[in-house]
Amino acid sequence: MLIFGLGNPGEEYLNTRHNAGYMAIDRIAETFNRRINKSKNSSLFGDFNFKGKRHLLIKPITYMNLSGKSVRKWMNEKKVSPEDILVIYDDIDLPLGTIRLRKEGGAGTHKGMLSIVNEIGTENFPRLRIGINNGERVYDLASFVLSEFTEEELKIIKKTIDTIPEIIVSLLSIGIERTMTKFNKRKNLAPFNEKGAAKNHKED
């Protein structure tokens, strides 16, 4: 499996909301005692072995809006189908601390996901969404996703990120359907109502 985490390269983006995907990849690598320190296909990457199979952890470094170029290059090189990738990314329409695993779906307003869909020509690929909506009304989406988590928000996000290696192990062990059933039922880690948080998102 090719596991992509979306974000923006550079220290200035390290703890921004849009970098939740990068944070997840780093946490998975840490769990497997691996490093994301190789460069190829417009990305930084590392690998890990699980049950006799090699899997890749990939952080596109094209900046968010061009993430799809890296995804397409890797898929072409490894000759994998869309169902053999997983994209991890931040989602403004989910409350802070929420995780949702899906087999497919739309890209919404997320520029990285829009880029991937445009490059590979389908929305039918697995994705793991990390909620970043803190309950505040959002008028400027770009500014919000590029802003840093507050100290309290970062604590919640780190707790969320800590669960992701377990999700990956489950996904590789029992498949996406059973993993969705197992993890999507978990309660939010933040005290925000999911329906209310989604309403607070306002596009320009």
# chains A, B, ... in the order shown; residues from 1 in each chain; ligands from 1
>>> residues_around(residues="stretch 6-14 of chain A", least_positions_apart="5", cutoff="9 Å", atoms="only C-alpha atoms", output="JSON, numbers by chain")
{"A": [19, 20, 21, 22, 23, 25, 58, 59, 60, 61, 62, 63, 64, 67, 87, 88, 89, 90, 112, 113, 146, 147, 148]}
>>> select_by_dssp(residues="chain A", states="strand (DSSP E)", output="PyMOL selection string")
chain A and resi 2-5+38-40+43-50+53-60+85-95+99-102+127-133
>>> closest_atom_pairs(of="stretch 32-110 of chain A", to="stretch 163-180 of chain A", cutoff="8 Å", atoms="only C-alpha atoms", output="JSON lines")
{"residue": "A:Phe50", "atom": "CA", "partner": "A:Leu172", "partner_atom": "CA", "distance": 7.9}
{"residue": "A:Arg100", "atom": "CA", "partner": "A:Met180", "partner_atom": "CA", "distance": 7.8}
{"residue": "A:Leu101", "atom": "CA", "partner": "A:Met180", "partner_atom": "CA", "distance": 5.7}
{"residue": "A:Arg102", "atom": "CA", "partner": "A:Met180", "partner_atom": "CA", "distance": 7.0}
{"residue": "A:Lys103", "atom": "CA", "partner": "A:Ile176", "partner_atom": "CA", "distance": 7.2}
>>> write_last_selection(atoms="C-alpha atoms", output="compact mmCIF listing (two decimals), in the first residue's frame")
# COMPACT_ATOMS: atom_id res chain seq x y z
CA PHE A 50 4.18 -5.60 7.88
CA ARG A 100 -13.21 9.19 9.50
CA LEU A 101 -12.02 6.37 7.24
CA ARG A 102 -13.78 6.00 3.89
CA LYS A 103 -13.35 3.83 0.79
>>> residues_around(residues="A:Glu104", least_positions_apart="4", cutoff="10 Å", atoms="only C-alpha atoms", output="VMD selection string")
chain A and resid 82 to 83 122 to 128
>>> select_by_dssp(residues="stretch 86-137 of chain A", states="alpha helix (DSSP H)", output="JSON, numbers by chain")
{"A": [111, 112, 113, 114, 115, 116, 117, 118, 119, 120]}
>>> write_last_selection(atoms="N, CA and C atoms", output="mmCIF file, in the first residue's frame")
data_model
loop_
_atom_site.group_PDB
_atom_site.id
_atom_site.type_symbol
_atom_site.label_atom_id
_atom_site.label_comp_id
_atom_site.auth_asym_id
_atom_site.auth_seq_id
_atom_site.Cartn_x
_atom_site.Cartn_y
_atom_site.Cartn_z
ATOM 1 N N LYS A 111 -7.898 21.474 -1.384
ATOM 2 C CA LYS A 111 -7.119 21.660 -2.615
ATOM 3 C C LYS A 111 -6.217 20.463 -2.926
ATOM 4 N N GLY A 112 -5.657 19.844 -1.886
ATOM 5 C CA GLY A 112 -4.814 18.675 -2.117
ATOM 6 C C GLY A 112 -5.592 17.517 -2.694
ATOM 7 N N MET A 113 -6.776 17.281 -2.136
ATOM 8 C CA MET A 113 -7.621 16.200 -2.645
ATOM 9 C C MET A 113 -8.128 16.500 -4.047
ATOM 10 N N LEU A 114 -8.461 17.746 -4.307
ATOM 11 C CA LEU A 114 -8.878 18.124 -5.665
ATOM 12 C C LEU A 114 -7.774 17.847 -6.665
ATOM 13 N N SER A 115 -6.530 18.135 -6.279
ATOM 14 C CA SER A 115 -5.389 17.882 -7.146
ATOM 15 C C SER A 115 -5.233 16.386 -7.426
ATOM 16 N N ILE A 116 -5.400 15.572 -6.389
ATOM 17 C CA ILE A 116 -5.257 14.121 -6.566
ATOM 18 C C ILE A 116 -6.339 13.583 -7.502
ATOM 19 N N VAL A 117 -7.572 13.993 -7.269
ATOM 20 C CA VAL A 117 -8.675 13.535 -8.121
ATOM 21 C C VAL A 117 -8.429 13.934 -9.570
ATOM 22 N N ASN A 118 -7.975 15.148 -9.794
ATOM 23 C CA ASN A 118 -7.703 15.615 -11.157
ATOM 24 C C ASN A 118 -6.567 14.837 -11.816
ATOM 25 N N GLU A 119 -5.549 14.502 -11.045
ATOM 26 C CA GLU A 119 -4.375 13.827 -11.607
ATOM 27 C C GLU A 119 -4.622 12.346 -11.891
ATOM 28 N N ILE A 120 -5.349 11.653 -11.004
ATOM 29 C CA ILE A 120 -5.523 10.201 -11.197
ATOM 30 C C ILE A 120 -6.877 9.867 -11.819
#
>>> closest_residue(among="A:Ser70, A:Thr109, A:Thr98, A:Asn65", to="A:Lys185", atoms="only C-alpha atoms")
A:Thr98
>>> atom_distance(atom1="atom CA of A:Arg35", atom2="atom CA of A:Asn49")
12.9 Å
>>> residues_around(residues="A:Leu56", least_positions_apart="4", cutoff="8 Å", atoms="only C-alpha atoms", output="compact mmCIF listing (two decimals) with N, CA and C atoms, in the first residue's frame")
# COMPACT_ATOMS: atom_id res chain seq x y z
N MET A 1 0.84 -1.19 0.00
CA MET A 1 0.00 0.00 0.00
C MET A 1 0.87 1.24 0.00
N LEU A 2 0.41 2.26 -0.73
CA LEU A 2 1.05 3.57 -0.72
C LEU A 2 0.22 4.47 0.20
N ILE A 3 0.83 4.93 1.27
CA ILE A 3 0.13 5.75 2.26
C ILE A 3 0.66 7.19 2.15
N PHE A 45 9.94 10.16 1.52
CA PHE A 45 9.27 8.89 1.81
C PHE A 45 10.14 7.96 2.63
N GLY A 46 9.51 6.97 3.18
CA GLY A 46 10.16 5.90 3.88
C GLY A 46 9.32 4.65 3.69
N ASP A 47 9.79 3.53 4.19
CA ASP A 47 9.00 2.30 4.05
C ASP A 47 8.97 1.52 5.35
N PHE A 48 8.07 0.57 5.44
CA PHE A 48 8.02 -0.33 6.58
C PHE A 48 7.46 -1.66 6.12
>>> atom_distance(atom1="atom CA of A:Phe144", atom2="atom CA of A:Ile92")
9.2 Å
>>> atom_distance(atom1="atom CA of A:Asn37", atom2="atom CA of A:Val80")
22.6 Å
